[in-house]
>>> print(open('my_file23.csv').read())   # CSV, C-alpha atoms and all ligand atoms
chain,number,residue,atom,x,y,z
A,1,VAL,CA,68.7,-15.8,-20.0
A,2,THR,CA,65.9,-17.6,-21.8
A,3,PRO,CA,62.6,-16.7,-20.3
A,4,THR,CA,60.5,-19.7,-19.1
A,5,PRO,CA,57.3,-20.2,-21.1
A,6,SER,CA,54.2,-21.5,-19.3
A,7,ALA,CA,54.5,-25.3,-19.2
A,8,GLU,CA,51.3,-25.8,-21.0
A,9,ILE,CA,52.3,-23.7,-24.0
A,10,GLY,CA,55.8,-25.0,-24.0
A,11,ALA,CA,54.3,-28.5,-24.4
A,12,LEU,CA,52.3,-27.6,-27.5
A,13,SER,CA,53.6,-28.1,-31.1
A,14,PRO,CA,53.4,-25.3,-33.6
A,15,TYR,CA,50.7,-25.9,-36.2
A,16,ARG,CA,52.5,-27.1,-39.4
A,17,LEU,CA,51.5,-29.4,-42.1
A,18,LYS,CA,53.7,-32.0,-43.8
A,19,ARG,CA,54.7,-30.9,-47.3
A,20,GLU,CA,53.1,-28.0,-49.1
A,21,ASP,CA,54.8,-28.5,-52.4
A,22,VAL,CA,52.3,-31.0,-54.0
A,23,PRO,CA,50.1,-29.8,-56.8
A,24,VAL,CA,46.8,-31.3,-55.9
A,25,LYS,CA,46.1,-30.2,-52.4
A,26,LEU,CA,43.4,-32.2,-50.7
A,27,ASN,CA,44.7,-32.0,-47.1
A,28,GLN,CA,42.9,-29.1,-45.4
A,29,ASN,CA,39.2,-29.4,-46.1
A,30,GLU,CA,39.2,-26.1,-48.0
A,31,SER,CA,36.6,-25.3,-50.7
A,32,PRO,CA,38.1,-26.5,-54.0
A,33,LEU,CA,36.2,-23.6,-55.7
A,34,ASP,CA,37.8,-20.2,-55.7
A,35,LEU,CA,35.3,-17.3,-55.8
A,36,PRO,CA,34.1,-16.2,-59.3
A,37,SER,CA,36.1,-13.3,-60.6
A,38,GLU,CA,33.0,-11.1,-60.7
A,39,VAL,CA,32.5,-11.7,-56.9
A,40,LYS,CA,36.2,-10.9,-56.3
A,41,ARG,CA,35.8,-7.7,-58.3
A,42,GLU,CA,32.9,-6.6,-56.1
A,43,ILE,CA,34.9,-7.3,-53.0
A,44,LEU,CA,37.9,-5.4,-54.4
A,45,GLY,CA,35.7,-2.5,-55.4
A,46,ARG,CA,34.3,-2.2,-51.9
A,47,LEU,CA,37.8,-2.5,-50.3
A,48,GLY,CA,39.0,0.2,-52.7
A,49,GLU,CA,36.3,2.6,-51.5
A,50,ALA,CA,36.8,2.0,-47.8
A,51,PRO,CA,39.3,4.0,-45.8
A,52,TRP,CA,42.4,1.9,-44.9
A,53,ASN,CA,43.8,4.4,-42.4
A,54,ARG,CA,40.8,3.9,-40.1
A,55,TYR,CA,40.0,0.9,-37.9
A,56,PRO,CA,37.3,-1.3,-39.3
A,57,GLU,CA,34.0,-1.7,-37.4
A,58,VAL,CA,35.0,-2.9,-34.0
A,59,ARG,CA,32.6,-5.8,-33.9
A,60,ALA,CA,32.0,-6.1,-37.7
A,61,GLN,CA,28.5,-4.8,-37.2
A,62,ALA,CA,27.4,-5.0,-40.8
A,63,LEU,CA,28.7,-8.5,-41.2
A,64,ARG,CA,27.3,-9.5,-37.9
A,65,ALA,CA,23.8,-8.4,-39.0
A,66,SER,CA,24.1,-10.4,-42.3
A,67,LEU,CA,25.4,-13.5,-40.4
A,68,ALA,CA,22.6,-13.2,-37.8
A,69,ALA,CA,20.0,-13.0,-40.6
A,70,LEU,CA,21.6,-16.1,-42.3
A,71,CYS,CA,21.3,-18.0,-39.0
A,72,GLY,CA,17.9,-16.7,-38.2
A,73,VAL,CA,18.8,-15.0,-34.9
A,74,ALA,CA,19.0,-11.4,-33.6
A,75,ASP,CA,22.2,-9.5,-34.1
A,76,ASP,CA,23.1,-9.5,-30.4
A,77,ARG,CA,23.3,-13.3,-30.5
A,78,VAL,CA,26.3,-13.3,-32.9
A,79,LEU,CA,30.0,-12.6,-32.3
A,80,VAL,CA,32.2,-12.4,-35.4
A,81,THR,CA,35.8,-13.8,-35.0
A,82,ASN,CA,39.1,-14.1,-36.9
A,83,GLY,CA,38.3,-17.6,-38.2
A,84,SER,CA,36.5,-20.2,-36.1
A,85,ASN,CA,39.7,-21.0,-34.3
A,86,GLU,CA,39.5,-17.6,-32.6
A,87,ALA,CA,35.9,-18.4,-31.8
A,88,ILE,CA,36.9,-21.5,-29.9
A,89,LEU,CA,39.8,-19.7,-28.2
A,90,VAL,CA,37.5,-16.8,-27.0
A,91,LEU,CA,34.9,-19.3,-25.7
A,92,ALA,CA,37.7,-21.2,-23.8
A,93,GLN,CA,39.1,-17.9,-22.4
A,94,ALA,CA,35.7,-16.6,-21.3
A,95,TYR,CA,34.2,-19.8,-20.0
A,96,ALA,CA,36.9,-22.4,-19.2
A,97,ALA,CA,40.1,-20.6,-18.2
A,98,GLY,CA,41.5,-22.4,-15.1
A,99,GLY,CA,38.9,-25.1,-15.6
A,100,THR,CA,38.4,-28.3,-17.7
A,101,VAL,CA,37.2,-28.8,-21.2
A,102,VAL,CA,35.9,-32.2,-22.2
A,103,VAL,CA,36.4,-33.0,-25.9
A,104,ALA,CA,35.7,-36.1,-28.0
A,105,LYS,CA,38.5,-38.2,-29.6
A,106,PRO,CA,39.2,-38.5,-32.4
A,107,SER,CA,38.2,-35.0,-33.3
A,108,TYR,CA,39.5,-31.7,-34.7
A,109,SER,CA,43.3,-31.4,-34.1
A,110,MET,CA,43.0,-27.8,-32.9
A,111,SER,CA,40.4,-28.4,-30.2
A,112,ARG,CA,43.0,-29.3,-27.6
A,113,PRO,CA,45.6,-26.6,-28.3
A,114,LEU,CA,42.9,-24.0,-28.5
A,115,ALA,CA,41.4,-25.0,-25.1
A,116,VAL,CA,44.9,-25.1,-23.6
A,117,THR,CA,45.9,-21.7,-25.0
A,118,GLY,CA,42.6,-20.5,-23.5
A,119,GLY,CA,43.9,-21.5,-20.1
A,120,ALA,CA,42.0,-24.8,-19.7
A,121,ARG,CA,42.9,-28.4,-19.1
A,122,VAL,CA,41.6,-30.9,-21.6
A,123,VAL,CA,40.0,-34.3,-20.9
A,124,GLU,CA,39.4,-36.5,-24.0
A,125,VAL,CA,36.6,-39.0,-24.2
A,126,PRO,CA,36.6,-41.7,-27.0
A,127,LEU,CA,33.8,-41.8,-29.4
A,128,ALA,CA,31.7,-44.9,-29.4
A,129,ASP,CA,31.3,-47.5,-32.2
A,130,GLY,CA,30.6,-45.9,-35.6
A,131,PHE,CA,32.2,-42.7,-34.2
A,132,ALA,CA,29.0,-42.0,-32.3
A,133,LEU,CA,29.0,-39.5,-29.5
A,134,ASP,CA,29.2,-41.3,-26.1
A,135,VAL,CA,26.9,-38.9,-24.3
A,136,ASP,CA,27.0,-40.8,-21.0
A,137,ALA,CA,30.8,-41.0,-21.0
A,138,MET,CA,31.1,-37.3,-21.9
A,139,ARG,CA,28.7,-36.3,-19.1
A,140,ALA,CA,30.4,-38.6,-16.6
A,141,ALA,CA,33.8,-37.1,-17.5
A,142,ALA,CA,32.3,-33.6,-17.2
A,143,THR,CA,30.9,-34.4,-13.8
A,144,GLU,CA,34.1,-36.1,-12.6
A,145,HIS,CA,36.3,-33.1,-13.6
A,146,HIS,CA,33.8,-30.4,-12.8
A,147,ALA,CA,34.1,-29.4,-16.4
A,148,ALA,CA,33.4,-25.8,-17.5
A,149,MET,CA,32.9,-26.7,-21.1
A,150,ILE,CA,32.2,-29.6,-23.4
A,151,LEU,CA,33.4,-29.1,-27.0
A,152,VAL,CA,32.3,-31.3,-29.9
A,153,ALA,CA,32.7,-30.8,-33.7
A,154,SER,CA,29.6,-31.8,-35.7
A,155,PRO,CA,30.1,-32.9,-38.4
A,156,ASN,CA,33.2,-34.2,-36.8
A,157,ASN,CA,36.6,-33.9,-38.3
A,158,PRO,CA,38.3,-36.2,-39.4
A,159,THR,CA,35.5,-38.8,-39.1
A,160,GLY,CA,33.0,-36.9,-41.2
A,161,ASN,CA,29.9,-38.0,-39.4
A,162,ARG,CA,27.4,-35.7,-37.6
A,163,PHE,CA,26.1,-36.1,-34.1
A,164,PRO,CA,22.2,-36.1,-33.9
A,165,ASN,CA,20.9,-33.0,-32.3
A,166,ASP,CA,19.1,-35.0,-29.6
A,167,ALA,CA,22.5,-36.5,-28.5
A,168,MET,CA,23.9,-33.0,-28.2
A,169,ALA,CA,20.8,-31.8,-26.4
A,170,ARG,CA,21.4,-34.6,-23.9
A,171,LEU,CA,25.0,-33.3,-23.4
A,172,ALA,CA,23.6,-29.9,-22.5
A,173,ARG,CA,20.6,-30.9,-20.3
A,174,GLY,CA,21.4,-30.4,-16.7
A,175,PHE,CA,25.1,-29.6,-17.4
A,176,GLY,CA,26.2,-26.6,-15.5
A,177,GLY,CA,28.8,-25.5,-18.1
A,178,LEU,CA,28.8,-24.5,-21.7
A,179,VAL,CA,28.4,-26.9,-24.6
A,180,VAL,CA,30.2,-25.7,-27.7
A,181,VAL,CA,29.2,-27.3,-31.0
A,182,ASP,CA,31.8,-26.5,-33.7
A,183,GLU,CA,29.8,-26.6,-36.9
A,184,ALA,CA,32.6,-25.7,-39.3
A,185,TYR,CA,31.0,-27.8,-42.0
A,186,TRP,CA,27.6,-26.0,-41.9
A,187,GLY,CA,25.8,-26.2,-45.2
A,188,PHE,CA,27.0,-29.7,-46.1
A,189,HIS,CA,24.4,-31.5,-43.9
A,190,PRO,CA,20.7,-31.3,-43.3
A,191,GLU,CA,20.3,-30.8,-39.5
A,192,THR,CA,22.0,-27.8,-38.1
A,193,PRO,CA,22.8,-27.6,-34.4
A,194,LEU,CA,21.6,-24.0,-34.4
A,195,SER,CA,18.1,-25.4,-33.5
A,196,LEU,CA,19.6,-26.6,-30.1
A,197,LEU,CA,19.8,-22.9,-29.1
A,198,ASP,CA,16.0,-22.7,-28.8
A,199,GLY,CA,15.9,-25.4,-26.1
A,200,ALA,CA,19.1,-24.7,-24.1
A,201,SER,CA,20.7,-21.5,-22.8
A,202,ASN,CA,24.1,-23.2,-22.3
A,203,VAL,CA,24.9,-24.0,-25.9
A,204,ALA,CA,27.1,-22.0,-28.4
A,205,VAL,CA,27.4,-22.9,-32.0
A,206,VAL,CA,30.6,-22.0,-33.9
A,207,ARG,CA,30.7,-21.6,-37.7
A,208,THR,CA,33.4,-20.7,-40.2
A,209,GLY,CA,33.6,-18.9,-43.5
A,210,SER,CA,36.5,-21.2,-44.5
A,211,LYS,CA,34.4,-24.1,-45.9
A,212,ALA,CA,30.9,-23.3,-47.3
A,213,PHE,CA,31.8,-19.7,-48.3
A,214,GLY,CA,35.2,-20.7,-49.7
A,215,LEU,CA,36.8,-17.9,-47.8
A,216,ALA,CA,39.7,-19.7,-45.9
A,217,ALA,CA,42.0,-16.8,-46.9
A,218,ALA,CA,39.8,-14.2,-45.3
A,219,ARG,CA,39.8,-15.8,-41.8
A,220,VAL,CA,36.2,-15.4,-40.6
A,221,GLY,CA,34.3,-17.4,-38.1
A,222,TRP,CA,31.3,-16.6,-35.8
A,223,ILE,CA,29.6,-17.7,-32.7
A,224,VAL,CA,25.8,-18.0,-32.3
A,225,ALA,CA,24.6,-18.2,-28.7
A,226,SER,CA,22.3,-16.4,-26.2
A,227,ALA,CA,22.6,-12.6,-26.0
A,228,ALA,CA,23.9,-13.1,-22.4
A,229,ILE,CA,26.8,-15.3,-23.6
A,230,VAL,CA,27.6,-13.0,-26.5
A,231,ASP,CA,27.7,-10.1,-24.1
A,232,ILE,CA,30.4,-12.0,-22.1
A,233,LEU,CA,32.4,-12.9,-25.2
A,234,ASP,CA,32.3,-9.3,-26.3
A,235,ARG,CA,34.4,-8.5,-23.2
A,236,ALA,CA,37.0,-11.3,-24.0
A,237,ALA,CA,37.5,-10.8,-27.7
A,238,LEU,CA,40.1,-8.3,-28.9
A,239,PRO,CA,38.8,-5.1,-30.4
A,240,TYR,CA,39.0,-5.0,-34.2
A,241,ASN,CA,39.6,-8.8,-34.2
A,242,VAL,CA,38.2,-9.1,-37.8
A,243,GLY,CA,40.0,-7.2,-40.5
A,244,LEU,CA,38.5,-5.2,-43.3
A,245,PHE,CA,39.1,-7.8,-46.0
A,246,ALA,CA,37.5,-10.5,-43.9
A,247,GLN,CA,34.5,-8.3,-43.2
A,248,VAL,CA,33.9,-7.2,-46.7
A,249,ALA,CA,34.5,-10.6,-48.4
A,250,SER,CA,32.2,-12.4,-46.0
A,251,GLU,CA,29.5,-9.8,-46.3
A,252,VAL,CA,29.6,-10.2,-50.1
A,253,MET,CA,29.4,-14.0,-49.8
A,254,THR,CA,26.6,-13.8,-47.2
A,255,ALA,CA,24.5,-11.9,-49.7
A,256,ARG,CA,25.2,-14.6,-52.4
A,257,ARG,CA,23.1,-17.3,-50.9
A,258,ASP,CA,22.3,-18.9,-54.3
A,259,LEU,CA,26.0,-19.0,-55.2
A,260,VAL,CA,26.9,-20.6,-51.9
A,261,ALA,CA,24.2,-23.2,-52.2
A,262,ALA,CA,25.2,-24.1,-55.8
A,263,ARG,CA,28.8,-24.5,-54.7
A,264,ILE,CA,27.8,-26.8,-51.9
A,265,VAL,CA,25.7,-28.9,-54.3
A,266,GLU,CA,28.7,-29.3,-56.5
A,267,VAL,CA,30.9,-30.4,-53.6
A,268,LEU,CA,28.3,-32.9,-52.4
A,269,ARG,CA,27.9,-34.4,-55.9
A,270,GLU,CA,31.7,-34.8,-56.2
A,271,ARG,CA,31.9,-36.2,-52.7
A,272,GLU,CA,29.5,-39.1,-53.6
A,273,ARG,CA,31.4,-39.6,-56.9
A,274,VAL,CA,34.8,-39.9,-55.1
A,275,ALA,CA,33.3,-42.2,-52.4
A,276,ALA,CA,31.9,-44.5,-55.1
A,277,GLY,CA,35.2,-44.4,-57.0
A,278,LEU,CA,37.1,-45.3,-53.8
A,279,ARG,CA,34.7,-48.2,-53.0
A,280,ALA,CA,35.2,-49.5,-56.6
A,281,LEU,CA,38.9,-49.7,-55.8
A,282,GLY,CA,38.0,-51.8,-52.7
A,283,VAL,CA,38.7,-49.0,-50.2
A,284,THR,CA,36.5,-48.7,-47.1
A,285,VAL,CA,35.0,-45.2,-47.0
A,286,TYR,CA,33.1,-43.9,-44.1
A,287,PRO,CA,29.9,-42.0,-44.6
A,288,SER,CA,30.5,-38.2,-44.6
A,289,GLU,CA,28.3,-35.2,-44.0
A,290,ALA,CA,31.1,-32.8,-44.7
A,291,ASN,CA,33.4,-31.8,-47.6
A,292,PHE,CA,35.9,-34.6,-47.0
A,293,LEU,CA,36.0,-38.4,-46.7
A,294,LEU,CA,37.7,-40.7,-44.2
A,295,MET,CA,39.0,-43.9,-45.7
A,296,GLU,CA,40.6,-47.1,-44.3
A,297,LEU,CA,43.6,-48.7,-46.0
A,298,ALA,CA,45.8,-51.7,-45.4
A,299,ASP,CA,48.9,-49.6,-45.4
A,300,PRO,CA,47.9,-45.9,-45.1
A,301,ARG,CA,51.4,-44.4,-44.7
A,302,GLU,CA,52.6,-46.2,-47.8
A,303,THR,CA,49.5,-45.1,-49.7
A,304,PHE,CA,50.1,-41.5,-48.5
A,305,LEU,CA,53.6,-41.4,-49.9
A,306,ARG,CA,52.6,-43.0,-53.2
A,307,LEU,CA,49.9,-40.4,-53.6
A,308,VAL,CA,52.5,-37.6,-53.0
A,309,GLU,CA,54.6,-39.2,-55.7
A,310,HIS,CA,51.6,-38.9,-58.0
A,311,GLY,CA,51.2,-35.2,-57.0
A,312,VAL,CA,48.3,-35.6,-54.6
A,313,LEU,CA,48.4,-34.5,-51.0
A,314,VAL,CA,45.8,-35.9,-48.5
A,315,ARG,CA,45.9,-35.8,-44.7
A,316,ASP,CA,47.6,-38.5,-42.8
A,317,VAL,CA,45.5,-39.1,-39.8
A,318,THR,CA,47.1,-42.3,-38.6
A,319,SER,CA,48.3,-40.7,-35.4
A,320,TYR,CA,44.7,-39.9,-34.3
A,321,TRP,CA,43.1,-42.1,-31.7
A,322,SER,CA,41.7,-45.3,-33.4
A,323,LEU,CA,42.5,-44.1,-36.9
A,324,GLU,CA,45.8,-46.0,-37.4
A,325,LYS,CA,44.6,-47.3,-40.7
A,326,CYS,CA,43.1,-44.1,-42.0
A,327,LEU,CA,43.7,-41.2,-44.4
A,328,ARG,CA,41.4,-38.2,-44.9
A,329,VAL,CA,40.8,-36.7,-48.3
A,330,THR,CA,39.1,-33.3,-49.1
A,331,VAL,CA,36.7,-33.2,-52.0
A,332,GLY,CA,38.4,-31.3,-54.8
A,333,THR,CA,37.3,-30.1,-58.2
A,334,THR,CA,36.2,-32.6,-60.7
A,335,GLU,CA,39.7,-32.6,-62.3
A,336,GLU,CA,41.4,-32.9,-58.9
A,337,ASN,CA,39.2,-35.8,-57.9
A,338,ASP,CA,39.9,-37.6,-61.2
A,339,ARG,CA,43.6,-37.2,-60.5
A,340,PHE,CA,43.2,-38.4,-56.9
A,341,LEU,CA,41.2,-41.5,-58.0
A,342,ALA,CA,43.8,-42.3,-60.7
A,343,ALA,CA,46.6,-41.8,-58.1
A,344,MET,CA,44.7,-44.1,-55.7
A,345,ARG,CA,44.4,-46.8,-58.4
A,346,ALA,CA,48.1,-46.6,-59.1
A,347,ALA,CA,49.0,-46.4,-55.4
A,348,LEU,CA,47.0,-49.5,-54.6
A,349,GLU,CA,48.1,-51.2,-57.8
A,350,VAL,CA,44.5,-52.0,-58.9
A,351,PRO,CA,44.5,-52.9,-62.6
A,352,ALA,CA,42.5,-50.6,-64.8
A,401,LIG,C1,36.0,-28.9,-37.0
A,401,LIG,C2,36.8,-27.7,-37.5
A,401,LIG,N1,36.7,-26.5,-36.9
A,401,LIG,C3,37.4,-25.4,-37.3
A,401,LIG,C4,38.2,-25.4,-38.4
A,401,LIG,C5,39.0,-24.2,-38.8
A,401,LIG,O1,38.3,-23.2,-39.2
A,401,LIG,P1,38.8,-21.7,-39.4
A,401,LIG,O2,39.5,-21.7,-40.7
A,401,LIG,O3,37.6,-20.9,-39.3
A,401,LIG,O4,39.7,-21.4,-38.2
A,401,LIG,C6,38.3,-26.6,-39.1
A,401,LIG,C7,39.1,-26.7,-40.3
A,401,LIG,O5,39.5,-27.6,-40.9
A,401,LIG,C8,37.6,-27.8,-38.7
A,401,LIG,O6,37.7,-28.9,-39.3
>>> encode(input="my_file23.csv", output="structure tokens", more="lines below")
Ligand SMILES: Cc1ncc(COP(=O)(O)O)c(C=O)c1O
Amino acid sequence: VTPTPSAEIGALSPYRLKREDVPVKLNQNESPLDLPSEVKREILGRLGEAPWNRYPEVRAQALRASLAALCGVADDRVLVTNGSNEAILVLAQAYAAGGTVVVAKPSYSMSRPLAVTGGARVVEVPLADGFALDVDAMRAAATEHHAAMILVASPNNPTGNRFPNDAMARLARGFGGLVVVDEAYWGFHPETPLSLLDGASNVAVVRTGSKAFGLAAARVGWIVASAAIVDILDRAALPYNVGLFAQVASEVMTARRDLVAARIVEVLRERERVAAGLRALGVTVYPSEANFLLMELADPRETFLRLVEHGVLVRDVTSYWSLEKCLRVTVGTTEENDRFLAAMRAALEVPA
């Protein structure tokens, strides 16, 4: 007999990406910059000295303290997780299981499956013109469905824009549930939603080590919220959810604030260069406050395939709501971006 899965999980698709065999990989919004070897050696040295037969710190206490300092809050307001995906999952499990989560569309592709895996139903509310947050529509949906949670990503993926803090504050004001702001692209934009936490007790901000730190391989994320919320999340999250490598690598990067800042500056410089290069090819590029760009094309699927032929992989987002004409490209290294722009020129048959 084949056991019957829960209907909600059976209806999900496994997370897979099209094609992984393309040399220039600009499809996952990773940092294009690997860690300097001197930093890797420091991480490896610390890993070598640590006991591997023992469990790591159960709540990554040392890393939690450094991340709390980075975010300007007390340690008891931070929960460290196995990537920010786990952060969203734990929030859904603890605050929305059996209830409803309101999310914006188009938004991060994992928002829905994470909420569903956390036991929630999902209601999607379209963004307004210019990919702005439709606060009134989100709140109306939350009221109609007695939502337990509103989940938004700011800067939003794949649109690249950020929602102003006052719009997100309006989402939280008078709402009886939890507003979760996924700030995966922290560091690439000027106004962090962390400041919302001062004025609202029903907001949680999620961050990741996968982008600004350049530690996608380590799998580290964290939640910043009130001590009361973190106390609840501490009950839901698995013990030892963050492995030793993730803890040590993230601690080392947290101590390297200048290095992290310099790497962000480099990505931002390249982002503007790529945006200008695309516009020079006649491509519509949306403003971005993250490490990627959303662009509009006459025939995005054809362009996607031609880019692959030229060895460049971007993200096909044509199946996202209202993005039928769009592709998303991650900012790469200078060389990768040159190669991408040359491939775009060839794909669009723009004479040199
Ligand atoms: C909005 C958003 N949240 C979360 C993530 C994933 O983060 P992590 O690697 O921490 O699970 C991404 C990655 O692309 C993202 O765009």
>>> atom_distance(input="my_file23.csv", atom1="atom CA of A:Ala96", atom2="atom O2 of ligand LIG 401 (chain A)")
21.7 Å
>>> residues_around(input="my_file23.csv", residues="stretch 230-245 of chain A", least_positions_apart="6", cutoff="10 Å", atoms="only C-alpha atoms", output="JSON, numbers by chain")
{"A": [43, 44, 46, 47, 50, 51, 52, 54, 55, 56, 57, 58, 59, 60, 75, 76, 77, 78, 79, 80, 81, 82, 83, 86, 87, 89, 90, 91, 92, 93, 94, 95, 204, 217, 218, 219, 220, 221, 223, 224, 251]}
>>> write_last_selection(input="my_file23.csv", atoms="C-alpha atoms", output="compact mmCIF listing (two decimals), in the coordinates of the input")
# COMPACT_ATOMS: atom_id res chain seq x y z
CA ILE A 43 34.90 -7.30 -53.00
CA LEU A 44 37.90 -5.40 -54.40
CA ARG A 46 34.30 -2.20 -51.90
CA LEU A 47 37.80 -2.50 -50.30
CA ALA A 50 36.80 2.00 -47.80
CA PRO A 51 39.30 4.00 -45.80
CA TRP A 52 42.40 1.90 -44.90
CA ARG A 54 40.80 3.90 -40.10
CA TYR A 55 40.00 0.90 -37.90
CA PRO A 56 37.30 -1.30 -39.30
CA GLU A 57 34.00 -1.70 -37.40
CA VAL A 58 35.00 -2.90 -34.00
CA ARG A 59 32.60 -5.80 -33.90
CA ALA A 60 32.00 -6.10 -37.70
CA ASP A 75 22.20 -9.50 -34.10
CA ASP A 76 23.10 -9.50 -30.40
CA ARG A 77 23.30 -13.30 -30.50
CA VAL A 78 26.30 -13.30 -32.90
CA LEU A 79 30.00 -12.60 -32.30
CA VAL A 80 32.20 -12.40 -35.40
CA THR A 81 35.80 -13.80 -35.00
CA ASN A 82 39.10 -14.10 -36.90
CA GLY A 83 38.30 -17.60 -38.20
CA GLU A 86 39.50 -17.60 -32.60
CA ALA A 87 35.90 -18.40 -31.80
CA LEU A 89 39.80 -19.70 -28.20
CA VAL A 90 37.50 -16.80 -27.00
CA LEU A 91 34.90 -19.30 -25.70
CA ALA A 92 37.70 -21.20 -23.80
CA GLN A 93 39.10 -17.90 -22.40
CA ALA A 94 35.70 -16.60 -21.30
CA TYR A 95 34.20 -19.80 -20.00
CA ALA A 204 27.10 -22.00 -28.40
CA ALA A 217 42.00 -16.80 -46.90
CA ALA A 218 39.80 -14.20 -45.30
CA ARG A 219 39.80 -15.80 -41.80
CA VAL A 220 36.20 -15.40 -40.60
CA GLY A 221 34.30 -17.40 -38.10
CA ILE A 223 29.60 -17.70 -32.70
CA VAL A 224 25.80 -18.00 -32.30
CA GLU A 251 29.50 -9.80 -46.30
>>> closest_residue(input="my_file23.csv", among="A:Ser37, A:Asn85, A:Asn337, A:Ser109", to="A:Phe292", atoms="all atoms listed in the file")
A:Asn337
>>> residues_near_ligand(input="my_file23.csv", ligand="ligand LIG 401 (chain A)", cutoff="9 Å", atoms="all atoms listed in the file", output="PyMOL selection string")
chain A and resi 28-30+81-88+107-111+152-158+182-185+206-211+215-222
>>> closest_residue(input="my_file23.csv", among="A:Ala280, A:Leu259, A:Val274, A:Ala104", to="A:Leu33", atoms="all atoms listed in the file")
A:Leu259
